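Peer 1: Next up is a structure, given as structure tokens.
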Amino acid sequence: NVEVRRLVDRWKHCTLWIQKLRITAGIEFVDQPVQLANHHQHLLGRCSPIWYRGQCLLPLYNEIERNCVIYGGDGLEFSRLGTFGKNMIQPTLWVGKNRISALCRNFGNGQTNAKYCYTTDSGLTWSEPEETGIPNNNSSLHTVRWQNSNYLIWNDTRGTFRERLALGMLRNRQTPTLVKRPLIVSPAHGAYPSACVNLH
């Protein structure tokens, strides 16, 4: 048993599972779910996995230690590859120019921009975090690839509230920047953005 003093404490003690699905006329579960982490590991998933050089990379984060954790595997069996960052969580990953890049949510406390890290060895070791010019005050970000470009969804505000949910194209230089002005998807709130791509 663990003590939950605040509602947010629930996230610190979750178990993490993966389940295989089959999609035909409907959706059905295949086999039994597999546990990836127990509640003592404090791991959570937020952003989409990516495939890189025949391996599925699963971006996770430790809710207590406030860092990013990357698992790698074949899609069902995973093992821990690397850990990076301090006071940064919920990494969103994309591939570009022989590296895997990550943008991460911060915890506020005077931080106003998203942090950036990268790996050149498939997730085993990561660079030191770099500051970006992308606004982030304790809010999730999400990247998605579409027609050979990487796009970012984030809250484009420097205030304390999660407002101005925006969509923009990433320029993949040493440290990522945004191309052109962002498209404001919603001027109101939008805290945990995700995106899926229509493969058709």
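Residue names in the structure tokens use chain letters A, B, ... in the order shown, residue numbers from 1 in each chain, and ligand numbers from 1 in the order shown.
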In chain A, what's strand (DSSP E or B) per DSSP? Answer as a PyMOL selection string?

Peer 2: chain A and resi 16-23+27-37+43-45+50-52+55-62+67-73+78-84+88-96+99-106+113-119+130-135+142-146+149-155+163-171+177-189

Peer 1: Pull the helix (DSSP H, G or I) assignments for chain A out of DSSP run on the backbone, and list those residues as a list of chain:residue names.

Peer 2: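 Filtering chain A to helix (DSSP H, G or I) leaves A:Leu7, A:Val8, A:Asp9, A:Arg10, A:Trp11, A:Lys12, A:His13.
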
Peer 1: Fewer than 3 positions away in the same chain doesn't count, so skip those; otherwise give me all residues within 9 Å of Asn150 of chain A, counting only C-alpha atoms, as an MDAnalysis selection string.

Peer 2: chainID A and resid 94:96 143:147 168:172

Peer 1: Could you list, as a PDB file with C-alpha atoms, in the first residue's frame, every residue within 6 Å of segment 160-167 of chain A, counting only C-alpha atoms and ignoring same-chain residues fewer than 2 positions away?

Peer 2:
ATOM      1  CA  LEU A 152       4.848  19.669 -32.942  1.00  0.00           C
ATOM      2  CA  ILE A 153       1.678  20.194 -30.897  1.00  0.00           C
ATOM      3  CA  TRP A 154       2.162  22.266 -27.744  1.00  0.00           C
ATOM      4  CA  ASN A 155       0.731  25.040 -25.575  1.00  0.00           C
ATOM      5  CA  ASP A 156       2.052  28.273 -27.075  1.00  0.00           C
ATOM      6  CA  PRO A 182       2.225  28.347 -35.392  1.00  0.00           C
ATOM      7  CA  LEU A 183      -1.335  27.474 -36.299  1.00  0.00           C
ATOM      8  CA  ILE A 184      -3.462  27.983 -33.192  1.00  0.00           C
ATOM      9  CA  VAL A 185      -5.661  24.898 -32.936  1.00  0.00           C
ATOM     10  CA  SER A 186      -7.509  26.165 -29.867  1.00  0.00           C
ATOM     11  CA  PRO A 187      -7.147  29.573 -28.182  1.00  0.00           C
ATOM     12  CA  ALA A 188      -8.488  28.078 -24.966  1.00  0.00           C
ATOM     13  CA  HIS A 189      -7.018  25.240 -22.949  1.00  0.00           C
ATOM     14  CA  GLY A 190      -5.468  22.030 -24.266  1.00  0.00           C
ATOM     15  CA  ALA A 191      -3.303  20.250 -21.731  1.00  0.00           C
TER      16      ALA A 191
END

Peer 1: Taking only C-alpha atoms into account, name the residue in A:Thr157, A:Thr175, A:Leu57, A:Ala102 that is nearest to Glu131 of chain A.

Peer 2: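 Smallest separation from Glu131 of chain A among the options: A:Thr175.
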